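Asks: Got a structure for you, written out below as structure tokens; questions coming shortly.
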Amino acid sequence: MPSFSPTPAGGPRDEAAPSSHDPSAAPRAAHAGPAGPEPASAPPTERADAIDPNPSPALRAAAPAADATPDGPAPGMSRGYRAVFAVREFRAVFAAHLLSLLGVVVSELALTVLVYDLTGSPLLSALTFALGLLPYLVGGTLFSGVADRYPARRVLVTCDLICAGCVAVMVLPGTPVGGLLALRCLVASVSPVFTGTRMAGLTDILGEGDLYVLGRSLLRIVSQSALLTGFGVGGVLLAALSARGAITITVGTFLCSAALLRFGTRNRPARAGGDRGGALLKESLAGARIVLADRRIRALMLLFWVPALFVVVPEALAAPYADEMGLGPAALGLLMCAMPVGHIAAELYVGAVLAPHIRSRIVLPVAAAGLLPFLLYGIRPGMVPALVALALAGVGAAYIIGLDQWFVDAVPEELRGRAMTLLTAGLMTVQGIGMALAGLAAEFVPVHLVVAGSGAIGTVCTLLLVREVRATATARGPRTGVRDGADQHMTSG
């Protein structure tokens with residue numbers, strides 16, 4: 001899967017998603033809460049499980065101690081990822097994310113095997129995997145209003161329970177192949193709602209500054225790591241259990257994720273003012289129109305999407321390229337792993353070592369150069385140069401950390417859930433389109449030229465977007481009440 005993806009497709013998970021992404025990033029004062037006078041808390045709702053009106057109490061309690069030293073910010077991890085893990089609610093979200101990923105990856109692999117065992121059809125087996133991508137756009141567009149309309153914890157727990165129920169029905173011996181495919185679509189439709197709600201909810205838990213950026217980064221790192229280990233775990237399970245037995249295990253992972261989110265996070269009010277009347281579909285579509293009509297938000301969203309459209313090409317064509325070069329299965333495995341390894345290494349370095357304003361400064365130049373390594377494929381490189389090119393392309397994903405911060409700053413709070421859901425849905429959709437277009441092009445053009453061409457065309461498209469992002473930052477002018485020093489460097493190269 002692509003290193004820009006927040007996660008593998010098909011279940012409630014992150015990052016341009018998305019990602020593959022996913023999928024899908026403030027002075028130290030941001031760690032202690034929003035700048036300026038703190039608004040008065042609303043009275044708690046009278047219910048057995050009262051809604052917490054305070055968006056980030058854990059942040060204000062934990063972050064200052066984690067972030068400050070007598071000499072200023074501690075270097076590296078002491079003021080970075082360690083400070084994120086100091087927030088109790090994030091630890092619950094992180095553990096739930098890990099369990100959901102395990103459930104998704106194992107169920108994807110096992111369900112594909114199960115469908116092939118039942119039908120003997122390679123087409124239906126491949127379709128089972130593809131159905132993890134196709135419903136993203138539908139679910140992310142038509143149901144994005146859920147993310148802002150209802151309390152985030154309720155949405156997240158409900159999504160996990162829906163996935164657990166779908167998987168439980170999959171393992172029943174009488175479920176027909178058509179039913180399996182329909183359930184697969186339902187799980188994939190739920191996924192962007194889950195991911196968008198969680199992305200927006202992280203701003204309540206971690207604030208809107210550097211802790212949020214690093215929290216998103218950690219979830220992406222877990223997602224990329226799952227690409228390296230998840231299918232190996234699934235293979236071991238399938239060697240010891242039947243396909244239905246392996247799928248059964250994922251029911252437990254979804255239920256454990258739901259329990260962690262239910263009892264490990266606070267119940268906050270709905271972002272858009274609670275349970276409101278009106279048609280959900282109309283509200284979702286209206287939110288999408290508002291988000292996409294904003295020139296700044298649209299430019300930033302496209303900067304997530306467009307590089308992801310092209311970055312999937314070498315991975316989609318890894319098997320044909322290995323065959324073209326006469327490489328064996330082991331070489332194919334290395335080609336598939338190179339980009340996620342580069343992504344993880346870059347994400348850890350940028351998150352742990354670079355200051356927020358430096359992360360912001362590198363967004364546009366790194367995004368502009370991220371696809372250039374694919375040009376090396378134009379000379380039909382051997383194994384080692386191809387691995388280097390893919391790893392460097394993975395390193396190019398480092399721009400996303402700074403882009404996360406710009407995006408959350410640009411989106412109004414009342415639209416944040418819908419914007420994050422739409423971002424996730426679009427990220428997964430463009431990656432599916434990129435894979436399909438790469439396969440189509442490879443029917444007429446040698447594989448190595450398709451990859452090189454994707455690098456050239458993708459770089460041109462990204463440069464045009466970089467120009468647009470610069471223009472929108474200049475058009476908006478200086479912000480008032482800046483939460484993060486990174487905002488001051490939005491237009492710097």
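The chains in the structure tokens are called A, B, ... from first to last as shown; in each chain the residues are counted from 1, and the ligands are counted from 1 in the order shown.
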Fewer than 6 positions away in the same chain doesn't count, so skip those; otherwise give me all residues within 10 Å of Leu317 of chain A, counting only C-alpha atoms, as number ranges by chain.

Replies: A: 323, 336, 435, 438-439, 442, 447-448, 450-451

Asks: Given the selection you just returned, output its residues as a file containing all heavy atoms, formatted as a CSV table (one decimal), in the first residue's frame.

Replies:
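Result file again-v1.csv:
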chain,number,residue,atom,x,y,z
A,323,ASP,N,8.7,-8.8,-12.5
A,323,ASP,CA,8.7,-9.8,-13.6
A,323,ASP,C,9.4,-9.3,-14.8
A,323,ASP,O,10.2,-10.0,-15.4
A,323,ASP,CB,7.2,-10.1,-14.0
A,323,ASP,CG,7.1,-11.1,-15.1
A,323,ASP,OD1,7.5,-12.3,-14.9
A,323,ASP,OD2,6.7,-10.8,-16.2
A,336,MET,N,7.9,-3.8,-2.2
A,336,MET,CA,6.7,-3.4,-1.5
A,336,MET,C,7.0,-2.7,-0.2
A,336,MET,O,6.2,-1.9,0.3
A,336,MET,CB,5.8,-4.6,-1.3
A,336,MET,CG,5.3,-5.2,-2.6
A,336,MET,SD,4.2,-4.1,-3.5
A,336,MET,CE,2.7,-4.0,-2.5
A,435,MET,N,-4.1,3.5,-8.7
A,435,MET,CA,-3.8,2.1,-9.0
A,435,MET,C,-4.4,1.6,-10.3
A,435,MET,O,-3.8,1.0,-11.2
A,435,MET,CB,-4.3,1.2,-7.9
A,435,MET,CG,-3.5,1.4,-6.6
A,435,MET,SD,-4.2,0.4,-5.3
A,435,MET,CE,-3.3,0.9,-3.9
A,438,ALA,N,-2.7,3.3,-13.3
A,438,ALA,CA,-1.4,2.7,-13.5
A,438,ALA,C,-1.5,1.4,-14.2
A,438,ALA,O,-0.7,1.1,-15.2
A,438,ALA,CB,-0.7,2.5,-12.2
A,439,GLY,N,-2.4,0.5,-13.8
A,439,GLY,CA,-2.6,-0.8,-14.5
A,439,GLY,C,-3.0,-0.6,-15.9
A,439,GLY,O,-2.5,-1.4,-16.8
A,442,ALA,N,0.0,0.5,-18.0
A,442,ALA,CA,1.0,-0.6,-18.2
A,442,ALA,C,0.5,-1.6,-19.2
A,442,ALA,O,1.4,-2.4,-19.6
A,442,ALA,CB,1.2,-1.2,-16.8
A,447,VAL,N,6.4,-1.0,-18.0
A,447,VAL,CA,6.1,-0.6,-16.6
A,447,VAL,C,7.1,0.5,-16.1
A,447,VAL,O,6.7,1.4,-15.4
A,447,VAL,CB,6.2,-1.9,-15.7
A,447,VAL,CG1,6.2,-1.5,-14.2
A,447,VAL,CG2,5.1,-2.9,-16.1
A,448,HIS,N,8.4,0.4,-16.4
A,448,HIS,CA,9.3,1.3,-15.9
A,448,HIS,C,9.0,2.8,-16.4
A,448,HIS,O,9.2,3.7,-15.7
A,448,HIS,CB,10.8,0.9,-16.2
A,448,HIS,CG,11.1,1.0,-17.6
A,448,HIS,ND1,10.7,0.0,-18.5
A,448,HIS,CD2,11.9,1.9,-18.3
A,448,HIS,CE1,11.2,0.3,-19.7
A,448,HIS,NE2,11.9,1.4,-19.6
A,450,VAL,N,6.0,3.8,-17.2
A,450,VAL,CA,4.8,4.3,-16.5
A,450,VAL,C,5.1,4.9,-15.1
A,450,VAL,O,4.6,6.0,-14.8
A,450,VAL,CB,3.8,3.1,-16.3
A,450,VAL,CG1,2.6,3.5,-15.4
A,450,VAL,CG2,3.3,2.6,-17.6
A,451,VAL,N,6.0,4.3,-14.4
A,451,VAL,CA,6.4,4.8,-13.1
A,451,VAL,C,7.2,6.1,-13.3
A,451,VAL,O,6.9,7.1,-12.6
A,451,VAL,CB,7.3,3.8,-12.4
A,451,VAL,CG1,7.8,4.4,-11.0
A,451,VAL,CG2,6.6,2.5,-12.1

Asks: Restricting the calculation to only C-alpha atoms, which member of A:Ser284, A:Gly178, A:Ile247, A:Thr119 is positioned closest to Val105 of chain A?

Replies: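 The closest residue to Val105 of chain A is A:Ile247.
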
Asks: Pick out each residue of segment 262-421 of chain A that DSSP on the backbone tags as helix (DSSP H, G or I); I need them as a PyMOL selection string.

Replies: chain A and resi 262-264+280-293+295-311+313-316+318-325+329-353+356-369+372-379+383-410+413-421

Asks: Could the residues in this selection be saved with C-alpha atoms as a compact mmCIF listing (two decimals), in the first residue's frame?

Replies:
# COMPACT_ATOMS: atom_id res chain seq x y z
CA ARG A 262 -16.03 3.96 25.42
CA PHE A 263 -14.25 3.80 28.77
CA GLY A 264 -10.93 5.48 27.94
CA LEU A 280 -28.41 13.77 7.48
CA LEU A 281 -27.74 13.37 3.75
CA LYS A 282 -28.58 17.03 3.07
CA GLU A 283 -26.40 18.17 5.94
CA SER A 284 -23.48 16.00 4.78
CA LEU A 285 -23.64 17.27 1.20
CA ALA A 286 -24.01 20.88 2.36
CA GLY A 287 -20.93 20.50 4.56
CA ALA A 288 -18.95 19.06 1.66
CA ARG A 289 -19.97 21.98 -0.55
CA ILE A 290 -18.93 24.52 2.08
CA VAL A 291 -15.58 22.84 2.65
CA LEU A 292 -14.75 22.53 -1.05
CA ALA A 293 -15.93 26.08 -1.79
CA ARG A 295 -10.21 28.16 -1.73
CA ARG A 296 -7.67 27.65 1.07
CA ILE A 297 -9.19 24.44 2.39
CA ARG A 298 -9.60 23.09 -1.14
CA ALA A 299 -5.96 23.80 -1.99
CA LEU A 300 -4.71 22.08 1.17
CA MET A 301 -6.97 19.09 0.60
CA LEU A 302 -5.67 18.72 -2.95
CA LEU A 303 -2.12 18.83 -1.61
CA PHE A 304 -2.99 15.71 0.38
CA TRP A 305 -4.72 14.04 -2.57
CA VAL A 306 -2.70 14.76 -5.70
CA PRO A 307 0.70 13.36 -4.61
CA ALA A 308 -1.15 10.30 -3.26
CA LEU A 309 -2.70 9.73 -6.72
CA PHE A 310 0.77 9.24 -8.21
CA VAL A 311 2.71 7.76 -5.29
CA VAL A 313 1.96 3.74 -9.02
CA PRO A 314 5.22 1.85 -8.32
CA GLU A 315 3.58 -0.25 -5.62
CA ALA A 316 0.59 -1.04 -7.84
CA ALA A 318 5.61 -3.80 -8.25
CA ALA A 319 4.75 -7.34 -9.39
CA PRO A 320 4.88 -6.53 -13.13
CA TYR A 321 8.14 -4.62 -12.64
CA ALA A 322 9.71 -7.51 -10.75
CA ASP A 323 8.66 -9.80 -13.58
CA GLU A 324 10.02 -7.36 -16.19
CA MET A 325 13.38 -7.33 -14.38
CA PRO A 329 9.35 -13.15 -4.80
CA ALA A 330 11.85 -11.98 -2.17
CA ALA A 331 12.76 -8.97 -4.31
CA LEU A 332 9.07 -8.22 -4.81
CA GLY A 333 8.59 -8.16 -1.04
CA LEU A 334 11.46 -5.69 -0.65
CA LEU A 335 10.02 -3.44 -3.36
CA MET A 336 6.69 -3.38 -1.51
CA CYS A 337 8.35 -2.57 1.83
CA ALA A 338 10.78 0.15 0.71
CA MET A 339 8.33 3.06 0.57
CA PRO A 340 6.65 2.39 3.96
CA VAL A 341 10.11 2.08 5.56
CA GLY A 342 11.13 5.46 4.14
CA HIS A 343 7.86 6.99 5.31
CA ILE A 344 8.19 5.68 8.86
CA ALA A 345 11.82 6.83 9.17
CA ALA A 346 11.01 10.32 7.87
CA GLU A 347 7.92 10.68 10.04
CA LEU A 348 9.82 9.72 13.18
CA TYR A 349 12.67 12.10 12.41
CA VAL A 350 10.49 15.09 11.52
CA GLY A 351 8.16 14.55 14.48
CA ALA A 352 10.87 13.93 17.08
CA VAL A 353 13.66 16.27 15.97
CA PRO A 356 7.02 23.06 14.55
CA HIS A 357 8.10 26.10 12.53
CA ILE A 358 10.71 24.02 10.68
CA ARG A 359 8.10 21.38 9.84
CA SER A 360 5.97 24.15 8.41
CA ARG A 361 8.80 25.56 6.32
CA ILE A 362 9.56 22.23 4.63
CA VAL A 363 5.96 21.43 3.59
CA LEU A 364 6.00 23.00 0.14
CA PRO A 365 9.55 22.15 -1.00
CA VAL A 366 9.31 18.54 0.19
CA ALA A 367 5.88 18.11 -1.41
CA ALA A 368 7.22 19.54 -4.68
CA ALA A 369 10.19 17.15 -4.72
CA LEU A 372 11.11 13.12 -8.32
CA PRO A 373 12.76 9.81 -7.26
CA PHE A 374 10.36 7.99 -9.61
CA LEU A 375 12.22 9.56 -12.55
CA LEU A 376 15.01 7.07 -11.87
CA TYR A 377 12.72 4.36 -13.23
CA GLY A 378 13.19 5.95 -16.66
CA ILE A 379 16.56 4.20 -16.98
CA MET A 383 17.00 -3.87 -7.66
CA VAL A 384 19.14 -1.60 -5.44
CA PRO A 385 18.53 1.72 -7.28
CA ALA A 386 14.79 0.97 -7.38
CA LEU A 387 14.76 0.37 -3.62
CA VAL A 388 16.59 3.66 -3.04
CA ALA A 389 14.12 5.53 -5.25
CA LEU A 390 11.13 4.04 -3.45
CA ALA A 391 12.59 4.76 0.01
CA LEU A 392 13.26 8.38 -0.99
CA ALA A 393 9.69 8.71 -2.24
CA GLY A 394 8.55 7.45 1.17
CA VAL A 395 10.70 10.10 2.84
CA GLY A 396 8.81 12.65 0.74
CA ALA A 397 5.73 11.98 2.84
CA ALA A 398 7.37 14.02 5.62
CA TYR A 399 5.56 17.11 4.35
CA ILE A 400 2.25 15.75 5.66
CA ILE A 401 3.13 16.51 9.30
CA GLY A 402 3.27 20.25 8.66
CA LEU A 403 0.30 20.08 6.30
CA ASP A 404 -1.80 18.55 9.09
CA GLN A 405 -1.31 21.72 11.14
CA TRP A 406 -2.24 23.99 8.24
CA PHE A 407 -5.39 22.01 7.56
CA VAL A 408 -6.70 22.01 11.11
CA ASP A 409 -6.00 25.76 11.32
CA ALA A 410 -7.90 26.42 8.10
CA GLU A 413 -14.36 23.89 14.25
CA GLU A 414 -18.03 23.29 13.44
CA LEU A 415 -17.04 21.77 10.06
CA ARG A 416 -13.97 19.88 11.22
CA GLY A 417 -15.53 16.43 11.42
CA ARG A 418 -17.04 16.69 7.94
CA ALA A 419 -13.82 18.10 6.49
CA MET A 420 -11.69 15.32 8.00
CA THR A 421 -14.13 12.66 6.79

Asks: Using only C-alpha atoms, determine which residues lie at most 10 Å from segment 161-164 of chain A, disregarding the query and same-chain residues fewer than 2 positions distant; provide the list as number ranges by chain.

Replies: A: 10-12, 100, 103-104, 155-159, 166-170, 183-184, 186-188, 190-191, 248, 250-259

Asks: What does the distance between atom CA of Arg91 of chain A and atom CA of Leu109 of chain A come to in Å, to one decimal place?

Replies: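 If I compute the distance from atom CA of Arg91 of chain A to atom CA of Leu109 of chain A, I get 27.5 Å.
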
Asks: So what do you get for atom CA of Leu238 of chain A versus atom CA of Val106 of chain A, distance-wise?

Replies: 9.1 Å

Asks: Excluding same-chain residues fewer than 3 positions from Leu118 of chain A, what lies within 12 Å of it counting only C-alpha atoms, as a PyMOL selection string?

Replies: chain A and resi 111-115+121-122+124-125+173-178+180+243-244

Asks: Just write the chosen residues, C-alpha atoms, as a PDB file, in the first residue's frame.

Replies:
ATOM      1  CA  LEU A 111     -11.948 -12.757   3.625  1.00  0.00           C
ATOM      2  CA  THR A 112     -10.127 -12.722   0.289  1.00  0.00           C
ATOM      3  CA  VAL A 113      -8.985 -16.296   0.921  1.00  0.00           C
ATOM      4  CA  LEU A 114     -12.476 -17.328   2.031  1.00  0.00           C
ATOM      5  CA  VAL A 115     -14.124 -15.955  -1.116  1.00  0.00           C
ATOM      6  CA  SER A 121     -12.703 -17.232  -8.909  1.00  0.00           C
ATOM      7  CA  PRO A 122      -9.615 -14.959  -8.984  1.00  0.00           C
ATOM      8  CA  LEU A 124     -14.175 -12.334  -7.090  1.00  0.00           C
ATOM      9  CA  SER A 125     -11.173 -12.735  -4.808  1.00  0.00           C
ATOM     10  CA  PRO A 173     -21.338 -20.815   7.444  1.00  0.00           C
ATOM     11  CA  GLY A 174     -24.593 -19.912   5.688  1.00  0.00           C
ATOM     12  CA  THR A 175     -23.527 -16.433   4.569  1.00  0.00           C
ATOM     13  CA  PRO A 176     -23.448 -16.408   0.734  1.00  0.00           C
ATOM     14  CA  VAL A 177     -20.656 -14.849  -1.288  1.00  0.00           C
ATOM     15  CA  GLY A 178     -22.907 -11.944  -2.249  1.00  0.00           C
ATOM     16  CA  LEU A 180     -19.836 -11.376   2.184  1.00  0.00           C
ATOM     17  CA  ALA A 243     -10.228 -18.405   6.988  1.00  0.00           C
ATOM     18  CA  ARG A 244     -13.411 -18.160   9.079  1.00  0.00           C
TER      19      ARG A 244
END

Asks: Hey, can you check how far atom CA of Ala110 of chain A sits from atom CA of Leu237 of chain A?

Replies: 8.9 Å

Asks: Would you please work out which residue, of A:Leu327, A:Val411, A:Val460, A:Ile249, is nearest to Leu99 of chain A when using only C-alpha atoms?

Replies: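 Closest to Leu99 of chain A, using only C-alpha atoms: A:Ile249.
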
Asks: For Gly382 of chain A, which residue among A:Leu102, A:Gly326, A:Leu463, A:Phe194 is the nearest when counting only C-alpha atoms?

Replies: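 For Gly382 of chain A, the nearest of the candidates is A:Gly326.
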
Asks: From the options A:Pro412, A:Gly215, A:Gly426, A:Pro446, which residue's atoms come nearest to Arg380 of chain A, counting only C-alpha atoms?

Replies: A:Pro446
